[in-house]
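Shown here: start.txt, compact mmCIF, C-alpha atoms and all ligand atoms.
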# COMPACT_ATOMS: atom_id res chain seq x y z
CA MET A 601 -41.41 -52.58 69.72
CA ARG A 602 -41.18 -52.77 65.97
CA ILE A 603 -44.68 -53.35 64.66
CA LEU A 604 -46.21 -54.27 61.29
CA LEU A 605 -49.94 -53.71 60.80
CA ILE A 606 -51.62 -55.40 57.84
CA GLY A 607 -54.60 -53.75 56.11
CA SER A 608 -55.74 -50.53 54.47
CA GLY A 609 -59.10 -49.48 55.90
CA GLY A 610 -60.52 -47.26 58.60
CA ARG A 611 -59.98 -50.07 61.07
CA GLU A 612 -56.26 -50.00 60.34
CA HIS A 613 -56.08 -46.20 60.59
CA ALA A 614 -57.77 -46.37 63.99
CA LEU A 615 -55.39 -49.12 65.17
CA ALA A 616 -52.37 -47.26 63.78
CA TRP A 617 -53.54 -44.01 65.43
CA LYS A 618 -53.74 -45.78 68.79
CA ILE A 619 -50.48 -47.73 68.41
CA ALA A 620 -48.57 -44.58 67.43
CA GLN A 621 -49.58 -43.01 70.77
CA SER A 622 -47.82 -45.73 72.74
CA PRO A 623 -44.36 -45.05 74.16
CA HIS A 624 -43.72 -48.76 73.55
CA CYS A 625 -44.00 -48.35 69.79
CA GLU A 626 -40.52 -47.85 68.41
CA LYS A 627 -41.46 -48.21 64.74
CA LEU A 628 -44.80 -48.72 62.99
CA LEU A 629 -45.14 -50.01 59.45
CA ILE A 630 -48.46 -50.52 57.71
CA THR A 631 -49.04 -52.53 54.55
CA PRO A 632 -50.54 -51.37 52.27
CA GLY A 633 -52.20 -48.72 54.47
CA ASN A 634 -53.90 -45.55 53.28
CA ALA A 635 -53.26 -41.79 53.38
CA GLY A 636 -54.26 -41.79 57.08
CA THR A 637 -52.00 -44.60 58.25
CA ALA A 638 -49.11 -42.79 56.50
CA THR A 639 -49.46 -40.06 59.17
CA CYS A 640 -49.02 -42.64 61.98
CA GLY A 641 -46.12 -44.66 60.54
CA THR A 642 -44.63 -45.78 57.24
CA ASN A 643 -46.72 -47.47 54.56
CA LEU A 644 -45.32 -50.41 52.61
CA PRO A 645 -46.71 -51.29 49.16
CA TYR A 646 -47.66 -54.95 49.70
CA HIS A 647 -51.19 -56.25 49.35
CA VAL A 648 -52.62 -58.05 52.41
CA THR A 649 -52.31 -61.45 50.71
CA ASP A 650 -48.80 -60.91 49.35
CA PHE A 651 -47.42 -63.27 52.01
CA GLU A 652 -43.97 -63.56 50.45
CA ASN A 653 -43.24 -59.83 50.49
CA ILE A 654 -44.80 -59.42 53.93
CA ARG A 655 -42.52 -62.16 55.24
CA GLN A 656 -39.49 -60.44 53.73
CA ALA A 657 -40.58 -57.07 55.16
CA CYS A 658 -40.75 -58.67 58.64
CA ILE A 659 -37.13 -59.76 58.26
CA ASP A 660 -35.84 -56.55 56.66
CA HIS A 661 -37.48 -54.29 59.24
CA LYS A 662 -36.76 -56.56 62.26
CA ILE A 663 -40.47 -56.71 63.08
CA GLU A 664 -41.38 -58.06 66.54
CA LEU A 665 -45.17 -57.84 66.42
CA VAL A 666 -47.54 -58.33 63.47
CA ILE A 667 -51.21 -57.31 63.70
CA VAL A 668 -53.48 -58.64 60.99
CA GLY A 669 -56.45 -56.31 60.40
CA PRO A 670 -58.70 -57.94 57.77
CA GLU A 671 -60.09 -61.48 57.47
CA GLU A 672 -58.79 -62.42 54.04
CA PRO A 673 -55.13 -63.00 54.94
CA LEU A 674 -56.16 -64.76 58.17
CA VAL A 675 -58.52 -67.15 56.41
CA LYS A 676 -55.81 -67.77 53.80
CA GLY A 677 -53.37 -68.67 56.58
CA ILE A 678 -50.96 -65.75 56.96
CA THR A 679 -50.34 -66.60 60.61
CA ASP A 680 -49.35 -70.20 59.81
CA TYR A 681 -47.24 -68.97 56.90
CA LEU A 682 -45.24 -66.49 58.97
CA ILE A 683 -44.67 -68.67 62.03
CA SER A 684 -43.60 -71.66 59.94
CA ASP A 685 -40.52 -69.65 58.90
CA LYS A 686 -37.56 -70.25 61.23
CA ALA A 687 -36.29 -66.70 60.66
CA LEU A 688 -39.57 -65.42 62.10
CA ALA A 689 -39.93 -67.82 65.02
CA HIS A 690 -39.57 -64.98 67.54
CA ILE A 691 -42.35 -62.85 66.04
CA ASP A 692 -45.67 -62.39 67.82
CA ILE A 693 -48.75 -62.36 65.63
CA ILE A 694 -52.14 -60.96 66.60
CA GLY A 695 -54.62 -62.92 64.50
CA PRO A 696 -55.61 -66.60 64.60
CA ASP A 697 -54.12 -69.35 62.47
CA LYS A 698 -56.00 -70.78 59.50
CA MET A 699 -58.04 -73.21 61.63
CA GLY A 700 -59.05 -70.54 64.14
CA ALA A 701 -59.96 -68.16 61.31
CA GLN A 702 -62.49 -70.74 60.10
CA LEU A 703 -64.80 -69.23 62.70
CA GLU A 704 -65.28 -66.52 60.07
CA GLY A 705 -64.08 -68.33 56.94
CA SER A 706 -66.74 -71.03 57.08
CA LYS A 707 -70.28 -70.43 58.32
CA ALA A 708 -70.80 -74.21 58.56
CA PHE A 709 -67.67 -74.53 60.73
CA ALA A 710 -68.86 -71.67 62.96
CA LYS A 711 -72.36 -73.13 63.34
CA ALA A 712 -70.97 -76.59 64.20
CA PHE A 713 -68.67 -74.91 66.76
CA MET A 714 -71.64 -73.12 68.36
CA MET A 715 -73.65 -76.35 68.51
CA ARG A 716 -70.75 -78.31 69.97
CA HIS A 717 -70.24 -75.75 72.74
CA GLN A 718 -73.92 -75.00 73.37
CA ILE A 719 -73.69 -71.38 72.31
CA PRO A 720 -77.18 -70.02 71.57
CA THR A 721 -77.80 -69.33 67.88
CA ALA A 722 -80.44 -69.83 65.17
CA ALA A 723 -81.34 -73.42 64.21
CA TYR A 724 -79.76 -74.40 60.89
CA LYS A 725 -79.01 -77.11 58.34
CA GLU A 726 -76.31 -77.28 55.72
CA PHE A 727 -76.71 -78.34 52.11
CA THR A 728 -74.44 -79.05 49.13
CA LEU A 729 -74.88 -80.73 45.76
CA GLN A 730 -74.93 -84.08 47.62
CA ASN A 731 -78.16 -83.38 49.49
CA TYR A 732 -79.51 -80.78 47.07
CA GLN A 733 -83.04 -82.19 46.75
CA GLU A 734 -83.43 -82.56 50.49
CA GLY A 735 -82.60 -78.84 50.74
CA ILE A 736 -85.39 -77.88 48.37
CA THR A 737 -87.95 -79.78 50.44
CA TYR A 738 -86.54 -78.17 53.60
CA LEU A 739 -86.85 -74.67 52.11
CA GLN A 740 -90.41 -75.30 50.94
CA GLN A 741 -91.54 -76.44 54.38
CA HIS A 742 -89.66 -73.89 56.49
CA SER A 743 -91.30 -70.91 58.19
CA LEU A 744 -90.59 -67.48 56.68
CA PRO A 745 -88.48 -65.45 56.42
CA ILE A 746 -85.58 -67.84 55.98
CA VAL A 747 -81.87 -67.03 55.80
CA LEU A 748 -79.48 -68.51 53.21
CA LYS A 749 -75.74 -68.14 53.71
CA ALA A 750 -72.88 -69.02 51.38
CA ASP A 751 -70.43 -71.00 53.49
CA GLY A 752 -67.21 -69.14 52.63
CA LEU A 753 -66.08 -65.53 52.57
CA ALA A 754 -68.18 -63.49 50.15
CA ALA A 755 -67.05 -59.93 50.94
CA GLY A 756 -70.08 -59.41 53.17
CA LYS A 757 -72.51 -60.33 50.41
CA GLY A 758 -73.18 -64.04 50.96
CA VAL A 759 -76.24 -63.67 53.22
CA VAL A 760 -79.72 -63.53 51.71
CA ILE A 761 -82.93 -63.18 53.69
CA CYS A 762 -85.79 -64.71 51.69
CA HIS A 763 -89.48 -63.93 52.16
CA SER A 764 -91.05 -66.64 50.00
CA PRO A 765 -90.25 -70.30 49.29
CA PHE A 766 -89.95 -69.37 45.62
CA GLU A 767 -87.29 -66.75 46.33
CA ALA A 768 -85.46 -69.12 48.69
CA VAL A 769 -85.33 -71.95 46.14
CA ALA A 770 -84.17 -69.58 43.39
CA GLU A 771 -81.37 -68.22 45.57
CA TYR A 772 -80.43 -71.72 46.72
CA GLU A 773 -80.12 -72.84 43.11
CA LEU A 774 -77.96 -69.84 42.24
CA MET A 775 -75.63 -70.58 45.13
CA ILE A 776 -75.24 -74.32 44.69
CA GLN A 777 -75.79 -74.96 40.98
CA ARG A 778 -74.42 -71.73 39.54
CA ALA A 779 -71.78 -70.96 42.18
CA LYS A 780 -73.03 -67.37 42.61
CA TYR A 781 -70.50 -66.89 45.40
CA GLY A 782 -67.83 -69.11 43.90
CA GLU A 783 -66.68 -72.51 45.11
CA ALA A 784 -66.99 -71.65 48.81
CA GLY A 785 -70.64 -70.72 48.28
CA LYS A 786 -71.56 -74.14 46.94
CA LYS A 787 -72.14 -75.16 50.51
CA VAL A 788 -75.16 -73.32 51.92
CA VAL A 789 -76.17 -72.81 55.52
CA VAL A 790 -79.95 -72.45 55.78
CA GLU A 791 -80.93 -70.76 58.98
CA GLU A 792 -83.95 -69.73 61.00
CA PHE A 793 -84.58 -65.95 60.92
CA MET A 794 -83.98 -64.25 64.26
CA ASN A 795 -85.93 -61.17 65.30
CA GLY A 796 -84.45 -58.51 67.51
CA ILE A 797 -81.82 -55.81 67.50
CA GLU A 798 -78.20 -56.37 66.52
CA MET A 799 -75.07 -55.39 68.39
CA SER A 800 -71.42 -56.35 68.34
CA VAL A 801 -69.08 -57.33 71.14
CA PHE A 802 -65.31 -57.48 70.77
CA VAL A 803 -62.98 -59.69 72.70
CA LEU A 804 -59.22 -59.93 72.69
CA THR A 805 -58.08 -63.43 73.62
CA ASP A 806 -54.67 -64.98 74.19
CA GLY A 807 -56.07 -68.49 73.80
CA LYS A 808 -56.51 -68.93 77.57
CA HIS A 809 -57.86 -65.65 78.89
CA TYR A 810 -59.85 -62.84 77.39
CA VAL A 811 -60.72 -59.20 77.89
CA ILE A 812 -63.91 -57.56 76.67
CA LEU A 813 -63.51 -54.32 74.73
CA PRO A 814 -66.25 -51.66 74.45
CA GLU A 815 -69.31 -52.92 72.54
CA ALA A 816 -70.73 -51.23 69.43
CA LYS A 817 -73.60 -51.13 67.00
CA ASP A 818 -73.06 -50.55 63.30
CA TYR A 819 -75.37 -49.37 60.51
CA LYS A 820 -74.99 -51.53 57.42
CA ARG A 821 -77.58 -50.21 54.97
CA ILE A 822 -76.67 -47.45 52.52
CA ASP A 823 -79.73 -45.28 53.14
CA GLU A 824 -81.27 -43.53 56.11
CA GLY A 825 -83.79 -45.49 58.14
CA ASP A 826 -81.80 -48.68 57.43
CA LYS A 827 -83.04 -48.89 53.84
CA GLY A 828 -81.35 -49.96 50.61
CA PRO A 829 -78.56 -52.45 49.97
CA ASN A 830 -76.01 -53.61 52.52
CA THR A 831 -72.59 -51.96 52.70
CA GLY A 832 -69.44 -52.59 54.69
CA GLY A 833 -70.92 -50.20 57.27
CA MET A 834 -72.08 -46.57 57.14
CA GLY A 835 -71.53 -45.67 60.77
CA ALA A 836 -71.36 -46.98 64.32
CA VAL A 837 -71.89 -46.03 67.95
CA SER A 838 -70.33 -47.12 71.23
CA PRO A 839 -71.48 -47.75 73.91
CA VAL A 840 -74.78 -49.35 72.92
CA PRO A 841 -77.40 -47.74 75.22
CA PHE A 842 -79.41 -50.93 75.81
CA ALA A 843 -76.33 -53.03 76.62
CA ASP A 844 -76.67 -52.73 80.38
CA LYS A 845 -74.81 -54.78 83.01
CA SER A 846 -77.40 -57.53 83.01
CA LEU A 847 -77.27 -58.04 79.22
CA MET A 848 -73.47 -57.87 79.13
CA LYS A 849 -73.34 -60.49 81.90
CA LYS A 850 -75.56 -62.84 79.87
CA ILE A 851 -73.40 -62.29 76.80
CA GLU A 852 -70.27 -63.08 78.76
CA GLU A 853 -71.65 -66.16 80.53
CA ARG A 854 -73.61 -67.69 77.64
CA ILE A 855 -71.51 -66.70 74.66
CA ILE A 856 -68.01 -65.33 75.33
CA LYS A 857 -66.90 -67.83 77.98
CA PRO A 858 -68.12 -70.93 76.13
CA THR A 859 -66.47 -69.62 72.96
CA VAL A 860 -63.03 -69.14 74.51
CA GLU A 861 -63.35 -72.44 76.39
CA GLY A 862 -64.51 -74.07 73.15
CA LEU A 863 -61.38 -72.89 71.35
CA VAL A 864 -59.26 -74.53 74.04
CA LYS A 865 -61.31 -77.77 74.03
CA ASP A 866 -61.07 -77.98 70.24
CA GLY A 867 -57.33 -77.36 70.32
CA LEU A 868 -57.60 -74.20 68.25
CA GLU A 869 -54.69 -71.75 68.58
CA TYR A 870 -56.21 -68.34 68.87
CA ARG A 871 -54.43 -65.13 69.72
CA GLY A 872 -56.34 -62.17 68.47
CA PHE A 873 -59.65 -60.41 68.26
CA ILE A 874 -63.02 -62.15 68.16
CA PHE A 875 -65.98 -60.14 66.89
CA PHE A 876 -69.29 -61.49 68.16
CA GLY A 877 -72.22 -60.43 65.95
CA LEU A 878 -75.26 -60.76 68.21
CA MET A 879 -79.03 -60.59 67.95
CA ILE A 880 -80.81 -59.45 71.12
CA GLU A 881 -84.46 -60.30 71.53
CA ASN A 882 -86.26 -59.43 74.78
CA GLY A 883 -82.94 -59.19 76.58
CA VAL A 884 -81.77 -62.60 75.34
CA PRO A 885 -78.57 -62.68 73.26
CA ARG A 886 -77.99 -65.14 70.43
CA MET A 887 -75.06 -65.46 68.05
CA ILE A 888 -75.42 -64.43 64.42
CA GLU A 889 -71.81 -64.87 63.45
CA TYR A 890 -68.16 -64.71 64.46
CA ASN A 891 -65.51 -62.63 62.76
CA CYS A 892 -61.85 -63.38 63.42
CA ARG A 893 -60.87 -59.69 63.49
CA MET A 894 -62.15 -56.29 64.57
CA GLY A 895 -65.07 -54.71 62.70
CA ASP A 896 -64.92 -51.75 60.38
CA PRO A 897 -66.32 -49.11 61.20
CA GLU A 898 -66.81 -50.50 64.73
CA THR A 899 -63.06 -50.19 65.45
CA GLU A 900 -63.35 -46.47 64.78
CA VAL A 901 -65.69 -46.11 67.78
CA VAL A 902 -64.23 -48.85 70.01
CA ILE A 903 -60.56 -47.80 69.83
CA PRO A 904 -61.20 -44.11 70.63
CA ARG A 905 -62.91 -45.28 73.86
CA LEU A 906 -60.10 -47.64 74.87
CA GLN A 907 -57.84 -46.01 77.44
CA ASN A 908 -55.28 -48.80 77.77
CA ASP A 909 -51.98 -48.70 75.93
CA LEU A 910 -52.77 -50.87 72.89
CA VAL A 911 -49.19 -52.05 72.42
CA LEU A 912 -49.05 -53.32 76.03
CA LEU A 913 -52.43 -54.98 75.53
CA LEU A 914 -51.22 -56.77 72.40
CA LYS A 915 -47.95 -57.76 74.11
CA ALA A 916 -49.97 -59.28 76.96
CA THR A 917 -52.02 -61.17 74.35
CA ALA A 918 -48.92 -62.59 72.73
CA ALA A 919 -47.49 -63.57 76.13
CA GLN A 920 -50.80 -65.20 77.20
CA GLN A 921 -51.04 -62.80 80.12
CA LEU A 922 -54.36 -61.12 79.49
CA ASN A 923 -55.42 -62.23 82.98
CA THR A 924 -53.16 -59.43 84.30
CA VAL A 925 -54.92 -56.71 82.31
CA ASN A 926 -57.88 -54.48 83.17
CA ILE A 927 -59.66 -52.74 80.34
CA GLU A 928 -60.23 -49.05 80.95
CA THR A 929 -62.87 -47.28 78.94
CA ASP A 930 -63.71 -43.65 78.26
CA THR A 931 -67.25 -43.18 79.57
CA ARG A 932 -68.17 -40.81 76.77
CA THR A 933 -70.10 -41.97 73.71
CA VAL A 934 -68.35 -42.12 70.34
CA CYS A 935 -70.32 -42.01 67.10
CA THR A 936 -68.80 -42.34 63.65
CA THR A 937 -70.32 -41.37 60.29
CA VAL A 938 -68.85 -42.80 57.10
CA ALA A 939 -68.51 -40.80 53.86
CA VAL A 940 -68.80 -42.99 50.76
CA SER A 941 -68.22 -42.49 47.03
CA GLY A 942 -71.27 -41.75 44.86
CA GLY A 943 -72.66 -45.03 43.50
CA TYR A 944 -71.35 -47.20 46.35
CA PRO A 945 -72.09 -50.08 47.09
CA GLY A 946 -72.43 -50.37 43.31
CA ASP A 947 -69.86 -48.96 40.87
CA TYR A 948 -68.12 -45.74 41.81
CA GLU A 949 -65.22 -43.60 40.64
CA LYS A 950 -61.89 -43.18 42.40
CA GLY A 951 -59.27 -40.43 42.40
CA LYS A 952 -61.50 -37.52 43.58
CA GLU A 953 -59.62 -34.92 45.58
CA ILE A 954 -60.59 -34.70 49.26
CA THR A 955 -60.53 -31.20 50.79
CA GLY A 956 -60.88 -29.90 54.34
CA ILE A 957 -59.31 -32.81 56.23
CA ASP A 958 -57.27 -30.37 58.34
CA LYS A 959 -60.41 -28.45 59.34
CA VAL A 960 -61.80 -31.24 61.57
CA ASN A 961 -61.85 -30.08 65.21
CA PRO A 962 -59.27 -32.22 67.05
CA GLU A 963 -60.84 -31.47 70.43
CA ASP A 964 -63.76 -33.81 70.00
CA SER A 965 -63.39 -35.46 66.58
CA ILE A 966 -61.03 -37.76 64.71
CA LEU A 967 -61.07 -38.32 60.96
CA PHE A 968 -60.09 -41.87 60.08
CA HIS A 969 -59.17 -42.56 56.48
CA MET A 970 -60.71 -45.62 54.80
CA GLY A 971 -60.34 -45.73 51.00
CA THR A 972 -57.85 -42.90 50.45
CA THR A 973 -54.43 -42.52 48.90
CA VAL A 974 -51.98 -39.76 48.05
CA LYS A 975 -51.59 -38.86 44.39
CA ASP A 976 -49.43 -35.98 43.14
CA GLY A 977 -49.30 -34.61 46.68
CA LYS A 978 -53.09 -34.60 47.04
CA THR A 979 -55.27 -36.88 49.18
CA VAL A 980 -57.75 -38.58 46.85
CA THR A 981 -60.53 -41.16 47.10
CA ASN A 982 -59.46 -44.76 46.53
CA GLY A 983 -62.45 -46.89 47.56
CA GLY A 984 -66.17 -47.08 48.23
CA ARG A 985 -65.95 -46.10 51.87
CA VAL A 986 -63.64 -43.07 51.87
CA PHE A 987 -63.32 -41.80 55.44
CA CYS A 988 -65.25 -41.55 58.67
CA ILE A 989 -65.43 -38.96 61.42
CA SER A 990 -65.60 -40.30 64.96
CA ALA A 991 -66.84 -37.79 67.52
CA TYR A 992 -67.00 -37.87 71.32
CA GLY A 993 -70.16 -36.69 73.07
CA ARG A 994 -72.13 -37.00 76.30
CA SER A 995 -74.84 -39.04 74.57
CA VAL A 996 -75.50 -40.70 71.21
CA PHE A 997 -77.42 -37.59 70.20
CA ASP A 998 -74.55 -35.31 71.10
CA ALA A 999 -71.82 -37.43 69.48
CA ALA A 1000 -73.85 -38.01 66.30
CA GLU A 1001 -74.56 -34.30 65.98
CA ILE A 1002 -70.86 -33.41 66.26
CA SER A 1003 -69.89 -36.15 63.78
CA ARG A 1004 -72.41 -34.79 61.24
CA MET A 1005 -71.31 -31.18 61.76
CA GLU A 1006 -67.66 -32.07 61.18
CA MET A 1007 -68.72 -34.04 58.09
CA LEU A 1008 -69.74 -30.75 56.45
CA LYS A 1009 -66.11 -29.58 56.46
CA VAL A 1010 -64.58 -32.42 54.45
CA ASN A 1011 -65.62 -32.84 50.85
CA PHE A 1012 -65.07 -34.69 47.58
CA GLU A 1013 -67.16 -34.96 44.44
CA GLY A 1014 -70.04 -37.41 44.92
CA LYS A 1015 -69.70 -37.63 48.73
CA LYS A 1016 -72.61 -39.35 50.45
CA TYR A 1017 -73.25 -40.11 54.12
CA ARG A 1018 -76.09 -41.03 56.41
CA MET A 1019 -77.54 -38.28 58.61
CA ASP A 1020 -79.17 -40.72 61.04
CA ILE A 1021 -76.43 -42.84 62.62
CA GLY A 1022 -77.62 -43.76 66.14
CA TYR A 1023 -81.18 -42.61 65.31
CA GLU A 1024 -82.96 -45.17 67.45
CA PHE A 1025 -81.13 -43.98 70.56
CA GLU A 1026 -81.67 -40.24 70.13
P1 LIG B 1 -73.50 -62.10 58.44
O1 LIG B 1 -72.71 -61.97 57.16
O2 LIG B 1 -73.63 -63.45 58.99
O3 LIG B 1 -73.10 -61.01 59.42
O4 LIG B 1 -74.97 -61.63 58.07
C1 LIG B 1 -75.20 -60.34 57.57
C2 LIG B 1 -76.43 -59.79 58.21
O5 LIG B 1 -77.55 -60.61 57.90
C3 LIG B 1 -76.39 -59.75 59.72
O6 LIG B 1 -75.72 -58.65 60.22
C4 LIG B 1 -77.87 -59.73 60.04
O7 LIG B 1 -78.38 -58.44 59.86
C5 LIG B 1 -78.45 -60.62 58.99
N1 LIG B 1 -78.63 -61.99 59.47
C6 LIG B 1 -77.78 -63.02 59.35
N2 LIG B 1 -78.28 -64.14 59.90
C7 LIG B 1 -79.49 -63.82 60.38
C8 LIG B 1 -80.53 -64.55 61.05
N3 LIG B 1 -80.40 -65.84 61.32
N4 LIG B 1 -81.64 -63.88 61.40
C9 LIG B 1 -81.78 -62.57 61.12
N5 LIG B 1 -80.87 -61.84 60.48
C10 LIG B 1 -79.72 -62.44 60.10
N1 LIG B 2 -68.95 -53.71 60.07
C1 LIG B 2 -69.04 -55.10 59.92
C2 LIG B 2 -67.78 -55.80 59.69
O1 LIG B 2 -66.69 -55.31 59.90
O2 LIG B 2 -67.84 -56.96 59.30

Rendering of file as structure tokens:
Amino acid sequence: MRILLIGSGGREHALAWKIAQSPHCEKLLITPGNAGTATCGTNLPYHVTDFENIRQACIDHKIELVIVGPEEPLVKGITDYLISDKALAHIDIIGPDKMGAQLEGSKAFAKAFMMRHQIPTAAYKEFTLQNYQEGITYLQQHSLPIVLKADGLAAGKGVVICHSPFEAVAEYELMIQRAKYGEAGKKVVVEEFMNGIEMSVFVLTDGKHYVILPEAKDYKRIDEGDKGPNTGGMGAVSPVPFADKSLMKKIEERIIKPTVEGLVKDGLEYRGFIFFGLMIENGVPRMIEYNCRMGDPETEVVIPRLQNDLVLLLKATAAQQLNTVNIETDTRTVCTTVAVSGGYPGDYEKGKEITGIDKVNPEDSILFHMGTTVKDGKTVTNGGRVFCISAYGRSVFDAAEISRMEMLKVNFEGKKYRMDIGYEFE
């Protein structure tokens, strides 16, 4: 198969790494990719929302399968755009259309979907300029903490947990009156705060059937002990030690099944990954949010545990034959630690040379590039999250230890990483 993968992060390197191992992959192109994906296939220069050039690349390179990594092109409708072209009618696309991607693109849409299909989640109300005053009263009377969410995509920043009515009203005003998160943030979802521990479950669906991929837990805060500002993710582990058979069964029965059935009932076309962000309290799972794609860095621990041929799995998704597939999983634990640029998630510099990449022990570790590029023959930093090292071990403790040890070998000026990924399971 001739395959085009869209994206440039660690998620895409992990997907490209897995796809390149398949005997069914004849040619792999990645756009725009990073220095890591360039070792698995050929990078193209087009940005993920440059639909016109991506369309032309599909034609020029006789692409048969497109995999969309990040949410932005999905929410902007890349799937609809490509399939509406007669020249591309034969192409299979992994990633929902614009309507399906609303599960991530609009928090209000996702909450209404959960309500309609009786999927357990936090109670909520939505407010805009139209019912602005009603919202203020609601915030002042609500129990604390309270969660405010900008409706649209906000690069992972649109969620604010408020601990006083004063803070909540101030944030609410910033979102609605001052468009802190742009137009899409002028609608606000106000939600009950859920206690518990978070985990993520990943499903691949063909719109009729689904398979469940290995679950994961990520670590979003910049500093050890889950302190400091949120990031795209500083590390992840899979499997999640507390996700036993009984919990996974509840998640499947109460959340996954009604979601896939809900997509069918609502007439939503969905072929692709669904990322379920869950809160678990006393063994009871509730939905926090959907993403219409795989997570990053969760993919970097999920994909190394997946033993199936990914190309065959994606072909079965496109052909709506996932009912014929069994997921096979490596029983070992995988832990990944992310190295970020100094200053991230605030301002940071790019273009720092990365050394020691070839020193990582291939027997139990994989280095996935995130924000990297090649400049004058050298691999240099090109983003906030620069690379991660995913390590296999017999336990979280073991895998985390190996990941941290390998981390010592690869360096760039200003490198920072967390030493405590998986700490609560060690
Ligand atoms: P989201 O962008 O929806 O993933 O939210 C970002 C993070 O905010 C989540 O990963 C949770 O840690 C937290 N969060 C969101 N909604 C809630 C909620 N209702 N209760 C508690 N924490 C939440
Ligand atoms: N690691 C969280 C995400 O991919 O959204």

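Relative to CA of His969 (chain A), CA of Gly636 (chain A) is found at 5.0 Å.
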
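Around Phe875 (chain A), within 9 Å and counting only C-alpha atoms, the residues found are Ser800, Val801, Phe802, Val803, Leu804, Glu889, Tyr890, Asn891, Cys892, Arg893, Met894 and Gly895 of chain A, once anything fewer than 4 positions away on its own chain is removed.
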
In Å to one decimal, how far is CA of Asp660 (chain A) from CA of Glu869 (chain A)?
27.0 Å

List all protein, DNA and RNA residues that have at least one atom no more than 7 Å from any atom of ligand LIG 2 (chain B), counting only C-alpha atoms and all ligand atoms, and write them as a PyMOL selection string.
chain A and resi 756+818+820+832-833+894-898

Region 714-716 of chain A: which residues within 12 Å, counting only C-alpha atoms, same-chain residues fewer than 3 positions away excluded, as a compact mmCIF listing (two decimals) with C-alpha atoms, in the frame of the given file?
# COMPACT_ATOMS: atom_id res chain seq x y z
CA LEU A 703 -64.80 -69.23 62.70
CA LYS A 707 -70.28 -70.43 58.32
CA ALA A 708 -70.80 -74.21 58.56
CA PHE A 709 -67.67 -74.53 60.73
CA ALA A 710 -68.86 -71.67 62.96
CA LYS A 711 -72.36 -73.13 63.34
CA ILE A 719 -73.69 -71.38 72.31
CA PRO A 720 -77.18 -70.02 71.57
CA THR A 721 -77.80 -69.33 67.88
CA ALA A 722 -80.44 -69.83 65.17
CA ALA A 723 -81.34 -73.42 64.21
CA TYR A 724 -79.76 -74.40 60.89
CA LYS A 725 -79.01 -77.11 58.34
CA ARG A 854 -73.61 -67.69 77.64
CA ILE A 855 -71.51 -66.70 74.66
CA ILE A 856 -68.01 -65.33 75.33
CA LYS A 857 -66.90 -67.83 77.98
CA PRO A 858 -68.12 -70.93 76.13
CA THR A 859 -66.47 -69.62 72.96
CA VAL A 860 -63.03 -69.14 74.51
CA GLU A 861 -63.35 -72.44 76.39
CA GLY A 862 -64.51 -74.07 73.15
CA LEU A 863 -61.38 -72.89 71.35
CA LYS A 865 -61.31 -77.77 74.03
CA ASP A 866 -61.07 -77.98 70.24
CA PHE A 876 -69.29 -61.49 68.16
CA ARG A 886 -77.99 -65.14 70.43
CA MET A 887 -75.06 -65.46 68.05
CA ILE A 888 -75.42 -64.43 64.42
CA GLU A 889 -71.81 -64.87 63.45
CA TYR A 890 -68.16 -64.71 64.46

Compute the set of protein, DNA and RNA residues whose minimum atom distance to ligand LIG 1 (chain B) is at most 7 Å, using all atoms listed in the file, and state it as an MDAnalysis selection string.
chainID A and resid 722 747 756:759 791:795 798 877 888:889

Mind writing the picked residues with C-alpha atoms as a PDB file, keeping the file's coordinate frame?
ATOM      1  CA  ALA A 722     -80.440 -69.830  65.170  1.00  0.00           C
ATOM      2  CA  VAL A 747     -81.870 -67.030  55.800  1.00  0.00           C
ATOM      3  CA  GLY A 756     -70.080 -59.410  53.170  1.00  0.00           C
ATOM      4  CA  LYS A 757     -72.510 -60.330  50.410  1.00  0.00           C
ATOM      5  CA  GLY A 758     -73.180 -64.040  50.960  1.00  0.00           C
ATOM      6  CA  VAL A 759     -76.240 -63.670  53.220  1.00  0.00           C
ATOM      7  CA  GLU A 791     -80.930 -70.760  58.980  1.00  0.00           C
ATOM      8  CA  GLU A 792     -83.950 -69.730  61.000  1.00  0.00           C
ATOM      9  CA  PHE A 793     -84.580 -65.950  60.920  1.00  0.00           C
ATOM     10  CA  MET A 794     -83.980 -64.250  64.260  1.00  0.00           C
ATOM     11  CA  ASN A 795     -85.930 -61.170  65.300  1.00  0.00           C
ATOM     12  CA  GLU A 798     -78.200 -56.370  66.520  1.00  0.00           C
ATOM     13  CA  GLY A 877     -72.220 -60.430  65.950  1.00  0.00           C
ATOM     14  CA  ILE A 888     -75.420 -64.430  64.420  1.00  0.00           C
ATOM     15  CA  GLU A 889     -71.810 -64.870  63.450  1.00  0.00           C
TER      16      GLU A 889
END

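CA of Asp844 (chain A) is positioned 16.9 Å from CA of Glu928 (chain A).
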
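For the residues A:Lys915, A:Arg1004, A:Lys975, A:Arg905, ranking by smallest atom-to-atom distance to Val938 (chain A) using all atoms listed in the file places A:Arg1004 first.
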
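Close contacts of Phe997 (chain A), defined as residues with an atom at most 8 Å away when counting all atoms listed in the file, with chain neighbours fewer than 3 positions off set aside, comprise A:Gly993, A:Ala1000, A:Glu1001, A:Gly1022, A:Tyr1023, A:Phe1025, A:Glu1026.
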
Closest of A:Leu748, A:Ile694, A:Met1019, A:Val666 to Gly835 (chain A) - atom-to-atom distances counting all atoms listed in the file
A:Met1019

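Nearest to Gly641 (chain A) of all the residues A:Pro841, A:Asn653, A:Pro670, A:Arg602 is A:Arg602, based on all atoms listed in the file.
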